[in-house]
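Structure file model34.txt (compact mmCIF, C-alpha atoms and all ligand atoms) follows.
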```txt
# COMPACT_ATOMS: atom_id res chain seq x y z
CA MET A 1 0.00 0.00 0.00
CA GLY A 2 1.06 3.60 -0.39
CA PRO A 3 0.22 6.78 -2.31
CA PRO A 4 1.05 7.13 -6.00
CA GLY A 5 4.78 7.70 -6.33
CA ALA A 6 5.59 6.03 -3.01
CA GLY A 7 7.84 3.54 -4.80
CA LYS A 8 5.47 0.57 -4.76
CA GLY A 9 6.54 -0.57 -8.23
CA THR A 10 10.30 -0.26 -7.80
CA GLN A 11 10.32 -1.63 -4.26
CA GLY A 12 7.67 -4.25 -4.95
CA GLU A 13 9.71 -5.66 -7.81
CA LEU A 14 12.79 -6.02 -5.58
CA LEU A 15 10.80 -7.51 -2.71
CA ALA A 16 9.02 -9.99 -4.99
CA GLU A 17 12.40 -11.05 -6.37
CA HIS A 18 13.67 -11.51 -2.80
CA PHE A 19 10.77 -13.86 -2.04
CA GLY A 20 10.92 -15.57 -5.45
CA ILE A 21 7.29 -14.74 -6.23
CA PRO A 22 5.65 -12.63 -8.96
CA ARG A 23 4.64 -9.03 -8.37
CA LEU A 24 1.05 -8.56 -9.51
CA SER A 25 0.57 -4.88 -10.34
CA THR A 26 -2.91 -3.83 -11.42
CA GLY A 27 -1.38 -0.61 -12.84
CA ASP A 28 0.90 -2.70 -15.09
CA MET A 29 -2.03 -4.92 -16.14
CA ILE A 30 -4.06 -1.84 -17.04
CA ARG A 31 -1.15 -0.25 -18.94
CA ALA A 32 -0.69 -3.50 -20.90
CA ALA A 33 -4.39 -3.41 -21.88
CA LEU A 34 -4.04 0.26 -22.90
CA ASP A 35 -0.94 -0.47 -25.00
CA GLU A 36 -2.66 -3.39 -26.71
CA GLY A 37 -5.70 -1.23 -27.42
CA SER A 38 -7.89 -4.15 -26.30
CA PRO A 39 -11.62 -3.55 -25.63
CA LEU A 40 -10.80 -3.58 -21.91
CA GLY A 41 -8.08 -0.98 -22.53
CA GLU A 42 -10.52 1.26 -24.38
CA ARG A 43 -13.05 0.89 -21.56
CA VAL A 44 -10.58 2.08 -18.91
CA ARG A 45 -8.59 4.70 -20.87
CA GLU A 46 -10.63 7.72 -19.79
CA PHE A 47 -10.36 6.74 -16.10
CA TYR A 48 -6.63 6.10 -16.35
CA ASP A 49 -5.80 9.31 -18.21
CA ALA A 50 -7.82 11.38 -15.75
CA GLY A 51 -5.98 9.84 -12.78
CA ARG A 52 -9.18 8.21 -11.54
CA LEU A 53 -9.67 4.62 -10.45
CA VAL A 54 -10.89 2.19 -13.08
CA PRO A 55 -14.09 0.30 -12.10
CA ASP A 56 -13.74 -2.29 -9.36
CA ASP A 57 -15.21 -5.15 -11.44
CA VAL A 58 -12.56 -4.66 -14.16
CA VAL A 59 -9.73 -4.72 -11.64
CA LEU A 60 -11.09 -7.73 -9.77
CA ASP A 61 -11.39 -9.70 -13.04
CA LEU A 62 -7.76 -8.88 -13.89
CA VAL A 63 -6.57 -9.97 -10.46
CA ALA A 64 -8.62 -13.20 -10.51
CA ALA A 65 -7.05 -14.14 -13.85
CA ALA A 66 -3.57 -13.36 -12.49
CA PHE A 67 -4.13 -15.55 -9.40
CA ASP A 68 -4.82 -18.52 -11.63
CA ARG A 69 -1.58 -18.26 -13.60
CA PRO A 70 0.92 -21.03 -12.78
CA GLU A 71 3.62 -18.57 -11.69
CA ALA A 72 1.35 -17.35 -8.88
CA GLU A 73 1.06 -20.82 -7.38
CA ARG A 74 3.74 -20.24 -4.73
CA GLY A 75 2.39 -16.87 -3.68
CA PHE A 76 2.44 -13.32 -4.98
CA LEU A 77 3.02 -9.73 -4.01
CA LEU A 78 0.15 -7.35 -4.75
CA ASP A 79 1.11 -3.86 -5.90
CA GLY A 80 -1.47 -1.09 -6.27
CA PHE A 81 -4.34 -3.37 -5.32
CA PRO A 82 -6.70 -3.23 -3.51
CA ARG A 83 -7.48 0.50 -3.73
CA THR A 84 -11.09 0.61 -2.51
CA VAL A 85 -13.03 -1.13 0.24
CA ALA A 86 -15.04 -2.95 -2.46
CA GLN A 87 -11.79 -4.26 -3.96
CA ALA A 88 -10.56 -5.34 -0.52
CA ASP A 89 -13.81 -7.25 0.04
CA GLY A 90 -13.48 -8.75 -3.45
CA LEU A 91 -9.90 -9.74 -2.72
CA GLY A 92 -11.04 -11.46 0.48
CA ALA A 93 -13.54 -13.51 -1.53
CA LEU A 94 -10.96 -14.43 -4.19
CA LEU A 95 -8.52 -15.57 -1.50
CA ASP A 96 -11.17 -17.50 0.45
CA ALA A 97 -12.21 -19.35 -2.70
CA ARG A 98 -8.60 -20.49 -3.12
CA GLU A 99 -8.07 -21.17 0.61
CA LEU A 100 -5.41 -18.47 0.73
CA ALA A 101 -4.81 -15.59 3.14
CA LEU A 102 -2.70 -12.44 3.18
CA ASP A 103 0.57 -12.90 5.09
CA ALA A 104 1.28 -9.21 5.54
CA VAL A 105 0.17 -5.74 4.51
CA LEU A 106 2.94 -3.16 4.19
CA SER A 107 2.35 0.56 3.86
CA LEU A 108 5.09 2.73 2.33
CA GLU A 109 4.99 6.13 4.04
CA VAL A 110 6.05 9.12 1.93
CA PRO A 111 5.09 12.79 2.50
CA ASP A 112 2.96 14.54 -0.15
CA GLU A 113 5.64 16.99 -1.34
CA GLU A 114 8.06 14.11 -2.00
CA VAL A 115 5.36 12.17 -3.84
CA VAL A 116 4.59 15.10 -6.17
CA ASP A 117 8.29 15.59 -6.96
CA ARG A 118 8.78 11.88 -7.66
CA ILE A 119 5.75 11.52 -9.91
CA THR A 120 6.17 14.67 -11.96
CA GLY A 121 9.88 13.81 -12.47
CA ARG A 122 9.27 10.13 -13.22
CA ARG A 123 10.33 8.91 -16.66
CA VAL A 124 9.84 5.42 -18.09
CA CYS A 125 11.91 3.78 -20.83
CA SER A 126 9.75 2.82 -23.78
CA SER A 127 12.16 -0.02 -24.66
CA CYS A 128 13.02 -1.78 -21.38
CA GLY A 129 10.49 -0.31 -18.92
CA HIS A 130 13.21 1.05 -16.60
CA VAL A 131 11.83 3.75 -14.30
CA THR A 132 14.00 6.75 -13.44
CA HIS A 133 13.78 10.43 -12.40
CA VAL A 134 14.67 13.38 -14.62
CA ARG A 135 17.36 14.40 -12.11
CA ALA A 136 19.09 11.03 -12.51
CA VAL A 137 19.36 11.30 -16.28
CA GLU A 138 22.22 13.42 -17.55
CA ALA A 139 21.38 13.51 -21.24
CA GLY A 140 17.75 14.23 -20.46
CA THR A 141 16.13 11.72 -22.80
CA ALA A 142 18.14 8.47 -22.96
CA CYS A 143 17.47 5.50 -20.67
CA PRO A 144 20.52 4.91 -18.42
CA GLU A 145 19.98 1.14 -18.71
CA CYS A 146 19.54 0.60 -22.44
CA GLY A 147 19.74 3.98 -24.19
CA GLY A 148 16.06 3.74 -25.15
CA GLU A 149 13.76 6.71 -25.26
CA LEU A 150 12.35 7.98 -21.96
CA SER A 151 8.84 9.30 -21.74
CA GLN A 152 6.35 10.42 -19.12
CA ARG A 153 3.39 8.22 -18.19
CA SER A 154 0.18 9.85 -19.43
CA ASP A 155 -1.17 9.92 -15.86
CA ASP A 156 2.01 11.52 -14.43
CA ALA A 157 1.21 14.99 -15.81
CA PRO A 158 1.15 17.56 -12.96
CA GLU A 159 -2.59 18.30 -13.28
CA THR A 160 -3.43 14.57 -13.01
CA VAL A 161 -1.15 13.99 -10.03
CA ARG A 162 -3.33 16.18 -7.81
CA THR A 163 -6.39 14.08 -8.71
CA ARG A 164 -4.51 10.83 -8.04
CA LEU A 165 -3.44 12.01 -4.60
CA ALA A 166 -6.97 13.11 -3.74
CA VAL A 167 -8.32 9.74 -4.93
CA TYR A 168 -5.74 7.99 -2.77
CA ARG A 169 -6.73 9.96 0.35
CA GLU A 170 -10.43 9.48 -0.24
CA GLU A 171 -10.72 5.93 -1.54
CA THR A 172 -7.56 4.03 -0.64
CA GLU A 173 -6.34 5.46 2.66
CA PRO A 174 -9.36 4.06 4.55
CA LEU A 175 -7.98 0.61 3.71
CA LEU A 176 -5.08 1.18 6.09
CA ALA A 177 -7.49 1.02 9.04
CA TYR A 178 -9.35 -1.87 7.35
CA TYR A 179 -6.18 -3.97 7.17
CA ALA A 180 -4.80 -2.80 10.51
CA LYS A 181 -7.89 -4.41 12.02
CA GLN A 182 -8.06 -7.49 9.77
CA VAL A 183 -4.53 -8.65 9.06
CA GLY A 184 -2.25 -6.17 10.81
CA LEU A 185 -0.52 -3.33 8.99
CA THR A 186 3.18 -2.51 9.03
CA ALA A 187 4.09 1.09 8.24
CA VAL A 188 7.46 1.34 6.46
CA GLU A 189 9.59 4.49 6.03
CA GLY A 190 9.52 5.18 2.29
CA VAL A 191 12.07 8.01 2.12
CA GLY A 192 15.76 7.25 1.55
CA THR A 193 17.81 5.44 -1.07
CA VAL A 194 16.30 2.52 -2.97
CA GLU A 195 18.55 0.18 -0.94
CA GLU A 196 17.61 1.71 2.41
CA ILE A 197 13.89 1.49 1.69
CA GLN A 198 14.26 -2.08 0.45
CA GLY A 199 16.07 -2.89 3.71
CA ASN A 200 13.15 -1.41 5.67
CA LEU A 201 10.67 -3.51 3.70
CA ARG A 202 12.65 -6.72 4.14
CA ALA A 203 12.99 -6.11 7.86
CA ALA A 204 9.23 -5.49 8.07
CA SER A 205 8.42 -8.68 6.17
CA ASP A 206 10.96 -10.86 7.94
CA GLY A 207 9.50 -14.34 8.42
CA VAL A 208 6.57 -13.71 6.09
CA GLY A 209 5.52 -16.82 4.19
CA ALA A 210 7.43 -19.12 6.58
CA THR A 211 5.35 -22.14 7.50
P1 LIG A 301 -0.36 2.63 -10.56
O1 LIG A 301 0.56 2.19 -11.65
O2 LIG A 301 -0.57 1.60 -9.51
O3 LIG A 301 0.04 3.97 -9.99
O4 LIG A 301 -1.80 2.86 -11.24
C1 LIG A 301 -1.98 3.80 -12.28
C2 LIG A 301 -3.46 3.96 -12.59
O5 LIG A 301 -4.02 2.70 -12.97
C3 LIG A 301 -4.33 4.46 -11.46
O6 LIG A 301 -4.32 5.88 -11.33
C4 LIG A 301 -5.70 3.93 -11.89
O7 LIG A 301 -6.25 4.70 -12.95
C5 LIG A 301 -5.35 2.57 -12.46
N1 LIG A 301 -5.31 1.53 -11.39
C6 LIG A 301 -4.24 0.78 -11.00
N2 LIG A 301 -4.58 -0.07 -10.03
C7 LIG A 301 -5.90 0.14 -9.79
C8 LIG A 301 -6.83 -0.41 -8.88
N3 LIG A 301 -6.49 -1.35 -7.99
N4 LIG A 301 -8.11 0.06 -8.91
C9 LIG A 301 -8.49 1.00 -9.79
N5 LIG A 301 -7.66 1.59 -10.67
C10 LIG A 301 -6.37 1.16 -10.66
```
Would you mind writing the file out in structure tokens?
Ligand code: AMP
Amino acid sequence: MGPPGAGKGTQGELLAEHFGIPRLSTGDMIRAALDEGSPLGERVREFYDAGRLVPDDVVLDLVAAAFDRPEAERGFLLDGFPRTVAQADGLGALLDARELALDAVLSLEVPDEEVVDRITGRRVCSSCGHVTHVRAVEAGTACPECGGELSQRSDDAPETVRTRLAVYREETEPLLAYYAKQVGLTAVEGVGTVEEIQGNLRAASDGVGAT
């Protein structure tokens, strides 16, 4: 859990690798549908571009399909989902049906001003998907990993970021109390270097998944 720009994608990828499980990101699933121009992509485009949440039923269908992929058999890390109470209830039902339960819920804590700076400066490589910040790129346009072209996500434009933060506060933040009560919630300091934050997350999830 965490606001847009908290580092869920970057950190989630590293943490999933650490546990040897896939990271299931609803944002990535939605971007794939948008890139493909599939009917689902066309249905959600206006929500995505405006920085609003796509309908719960669409997201729950995507997640259900992801749960049933063979690579998710040994567990998974959820990134950017659930984002509403209805999605959290839906997730509970999907897990119950598979006799699964959440091991941990982690919340990356990052102040608003840092979030706005990170999102508006975020650039993504169109070739390899590497995510970086304008300040970290000397030449301004080339991906430091592969030399590919960097671009800004359509929902990272400054005017959309304000909407996304408001949506987070209104619709997603209430889930922190929901999970604190249901599963237990671990707040994790989300400011620092990538390595420091990853260390915080690993310390917070120590022992998770052990049987
Ligand atoms: P993210 O990559 O997680 O920051 O998500 C980017 C955008 O994808 C969001 O602003 C929403 O438009 C959409 N999205 C991603 N995950 C969800 C979700 N769980 N529920 C609704 N919309 C989502």
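We find CA of Arg52 in chain A and atom C2 of ligand LIG 301 (chain A) to be spaced 7.2 Å apart.
With distances restricted to all atoms listed in the file, A:Leu14 is the closest residue to Glu195 in chain A from A:Cys128, A:Leu14, A:Met1, A:Leu100.
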Just want the residues within 10 Å of ligand LIG 301 (chain A), written as a JSON list (two decimals) with C-alpha atoms, keeping the file's coordinate frame, counting only C-alpha atoms and all ligand atoms.
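Okay, this is what ended up in part.json:
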```json
[["chain", "number", "residue", "atom", "x", "y", "z"],
["A", 1, "MET", "CA", 0.00, 0.00, 0.00],
["A", 2, "GLY", "CA", 1.06, 3.60, -0.39],
["A", 3, "PRO", "CA", 0.22, 6.78, -2.31],
["A", 4, "PRO", "CA", 1.05, 7.13, -6.00],
["A", 5, "GLY", "CA", 4.78, 7.70, -6.33],
["A", 6, "ALA", "CA", 5.59, 6.03, -3.01],
["A", 7, "GLY", "CA", 7.84, 3.54, -4.80],
["A", 8, "LYS", "CA", 5.47, 0.57, -4.76],
["A", 9, "GLY", "CA", 6.54, -0.57, -8.23],
["A", 25, "SER", "CA", 0.57, -4.88, -10.34],
["A", 26, "THR", "CA", -2.91, -3.83, -11.42],
["A", 27, "GLY", "CA", -1.38, -0.61, -12.84],
["A", 28, "ASP", "CA", 0.90, -2.70, -15.09],
["A", 29, "MET", "CA", -2.03, -4.92, -16.14],
["A", 30, "ILE", "CA", -4.06, -1.84, -17.04],
["A", 31, "ARG", "CA", -1.15, -0.25, -18.94],
["A", 44, "VAL", "CA", -10.58, 2.08, -18.91],
["A", 45, "ARG", "CA", -8.59, 4.70, -20.87],
["A", 46, "GLU", "CA", -10.63, 7.72, -19.79],
["A", 47, "PHE", "CA", -10.36, 6.74, -16.10],
["A", 48, "TYR", "CA", -6.63, 6.10, -16.35],
["A", 49, "ASP", "CA", -5.80, 9.31, -18.21],
["A", 50, "ALA", "CA", -7.82, 11.38, -15.75],
["A", 51, "GLY", "CA", -5.98, 9.84, -12.78],
["A", 52, "ARG", "CA", -9.18, 8.21, -11.54],
["A", 53, "LEU", "CA", -9.67, 4.62, -10.45],
["A", 54, "VAL", "CA", -10.89, 2.19, -13.08],
["A", 55, "PRO", "CA", -14.09, 0.30, -12.10],
["A", 56, "ASP", "CA", -13.74, -2.29, -9.36],
["A", 57, "ASP", "CA", -15.21, -5.15, -11.44],
["A", 58, "VAL", "CA", -12.56, -4.66, -14.16],
["A", 59, "VAL", "CA", -9.73, -4.72, -11.64],
["A", 60, "LEU", "CA", -11.09, -7.73, -9.77],
["A", 62, "LEU", "CA", -7.76, -8.88, -13.89],
["A", 63, "VAL", "CA", -6.57, -9.97, -10.46],
["A", 78, "LEU", "CA", 0.15, -7.35, -4.75],
["A", 79, "ASP", "CA", 1.11, -3.86, -5.90],
["A", 80, "GLY", "CA", -1.47, -1.09, -6.27],
["A", 81, "PHE", "CA", -4.34, -3.37, -5.32],
["A", 82, "PRO", "CA", -6.70, -3.23, -3.51],
["A", 83, "ARG", "CA", -7.48, 0.50, -3.73],
["A", 84, "THR", "CA", -11.09, 0.61, -2.51],
["A", 86, "ALA", "CA", -15.04, -2.95, -2.46],
["A", 87, "GLN", "CA", -11.79, -4.26, -3.96],
["A", 88, "ALA", "CA", -10.56, -5.34, -0.52],
["A", 119, "ILE", "CA", 5.75, 11.52, -9.91],
["A", 153, "ARG", "CA", 3.39, 8.22, -18.19],
["A", 154, "SER", "CA", 0.18, 9.85, -19.43],
["A", 155, "ASP", "CA", -1.17, 9.92, -15.86],
["A", 156, "ASP", "CA", 2.01, 11.52, -14.43],
["A", 160, "THR", "CA", -3.43, 14.57, -13.01],
["A", 161, "VAL", "CA", -1.15, 13.99, -10.03],
["A", 163, "THR", "CA", -6.39, 14.08, -8.71],
["A", 164, "ARG", "CA", -4.51, 10.83, -8.04],
["A", 165, "LEU", "CA", -3.44, 12.01, -4.60],
["A", 167, "VAL", "CA", -8.32, 9.74, -4.93],
["A", 168, "TYR", "CA", -5.74, 7.99, -2.77],
["A", 171, "GLU", "CA", -10.72, 5.93, -1.54],
["A", 172, "THR", "CA", -7.56, 4.03, -0.64]]
```
Inset, instruction - Anything within 10 Å of (13.5, -0.8, -19.5): list those residues as a list in words, counting all atoms listed in the file and sticking to the file's coordinates. - result: Val124, Cys125, Ser126, Ser127, Cys128, Gly129, His130, Val131, Thr132, Cys143, Pro144, Glu145, Cys146, Gly147, Gly148, Glu149 and Leu150 of chain A
Please return as a short mmCIF file (atom, residue, chain, number, x, y, z; two decimals) with C-alpha atoms, keeping the file's coordinate frame every residue within 12 Å of (11.2, -0.8, -1.1), taking into account all atoms listed in the file and the file's own coordinates.
```
data_model
loop_
_atom_site.label_atom_id
_atom_site.label_comp_id
_atom_site.auth_asym_id
_atom_site.auth_seq_id
_atom_site.Cartn_x
_atom_site.Cartn_y
_atom_site.Cartn_z
CA MET A 1 0.00 0.00 0.00
CA GLY A 2 1.06 3.60 -0.39
CA GLY A 5 4.78 7.70 -6.33
CA ALA A 6 5.59 6.03 -3.01
CA GLY A 7 7.84 3.54 -4.80
CA LYS A 8 5.47 0.57 -4.76
CA GLY A 9 6.54 -0.57 -8.23
CA THR A 10 10.30 -0.26 -7.80
CA GLN A 11 10.32 -1.63 -4.26
CA GLY A 12 7.67 -4.25 -4.95
CA GLU A 13 9.71 -5.66 -7.81
CA LEU A 14 12.79 -6.02 -5.58
CA LEU A 15 10.80 -7.51 -2.71
CA ALA A 16 9.02 -9.99 -4.99
CA GLU A 17 12.40 -11.05 -6.37
CA HIS A 18 13.67 -11.51 -2.80
CA ASP A 79 1.11 -3.86 -5.90
CA LEU A 106 2.94 -3.16 4.19
CA SER A 107 2.35 0.56 3.86
CA LEU A 108 5.09 2.73 2.33
CA GLU A 109 4.99 6.13 4.04
CA VAL A 110 6.05 9.12 1.93
CA ALA A 187 4.09 1.09 8.24
CA VAL A 188 7.46 1.34 6.46
CA GLU A 189 9.59 4.49 6.03
CA GLY A 190 9.52 5.18 2.29
CA VAL A 191 12.07 8.01 2.12
CA GLY A 192 15.76 7.25 1.55
CA THR A 193 17.81 5.44 -1.07
CA VAL A 194 16.30 2.52 -2.97
CA GLU A 195 18.55 0.18 -0.94
CA GLU A 196 17.61 1.71 2.41
CA ILE A 197 13.89 1.49 1.69
CA GLN A 198 14.26 -2.08 0.45
CA GLY A 199 16.07 -2.89 3.71
CA ASN A 200 13.15 -1.41 5.67
CA LEU A 201 10.67 -3.51 3.70
CA ARG A 202 12.65 -6.72 4.14
CA ALA A 203 12.99 -6.11 7.86
CA ALA A 204 9.23 -5.49 8.07
CA SER A 205 8.42 -8.68 6.17
#
```
Inset, instruction - Could you tell me how far CA of Leu95 in chain A lies from CA of Asp35 in chain A, in Å and to one decimal? - result: 28.9 Å
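The coordinates place CA of Arg98 in chain A at 12.8 Å from CA of Arg69 in chain A.
Among the candidates A:Asp89, A:Glu73, A:Glu173, A:Asp61, the one nearest to Ile21 in chain A when counting only C-alpha atoms is A:Glu73.
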Legend entry - Distance criterion (all atoms listed in the file): nearest to Pro174 in chain A out of A:Thr141, A:Val85, A:Ser151, A:Gly37: A:Val85
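Comparing A:Glu138, A:Asp117, A:Asp103, A:Glu71 by their smallest distance to Gly184 in chain A, the closest is A:Asp103 (using only C-alpha atoms).
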Coordinates of box centre and edge lengths for range 28-34 of chain A, 8 Å on every side, axis-aligned, as lines of an AutoDock Vina configuration file:
```
center_x = -1.7
center_y = -2.3
center_z = -19.0
size_x = 21.3
size_y = 21.2
size_z = 23.8
```
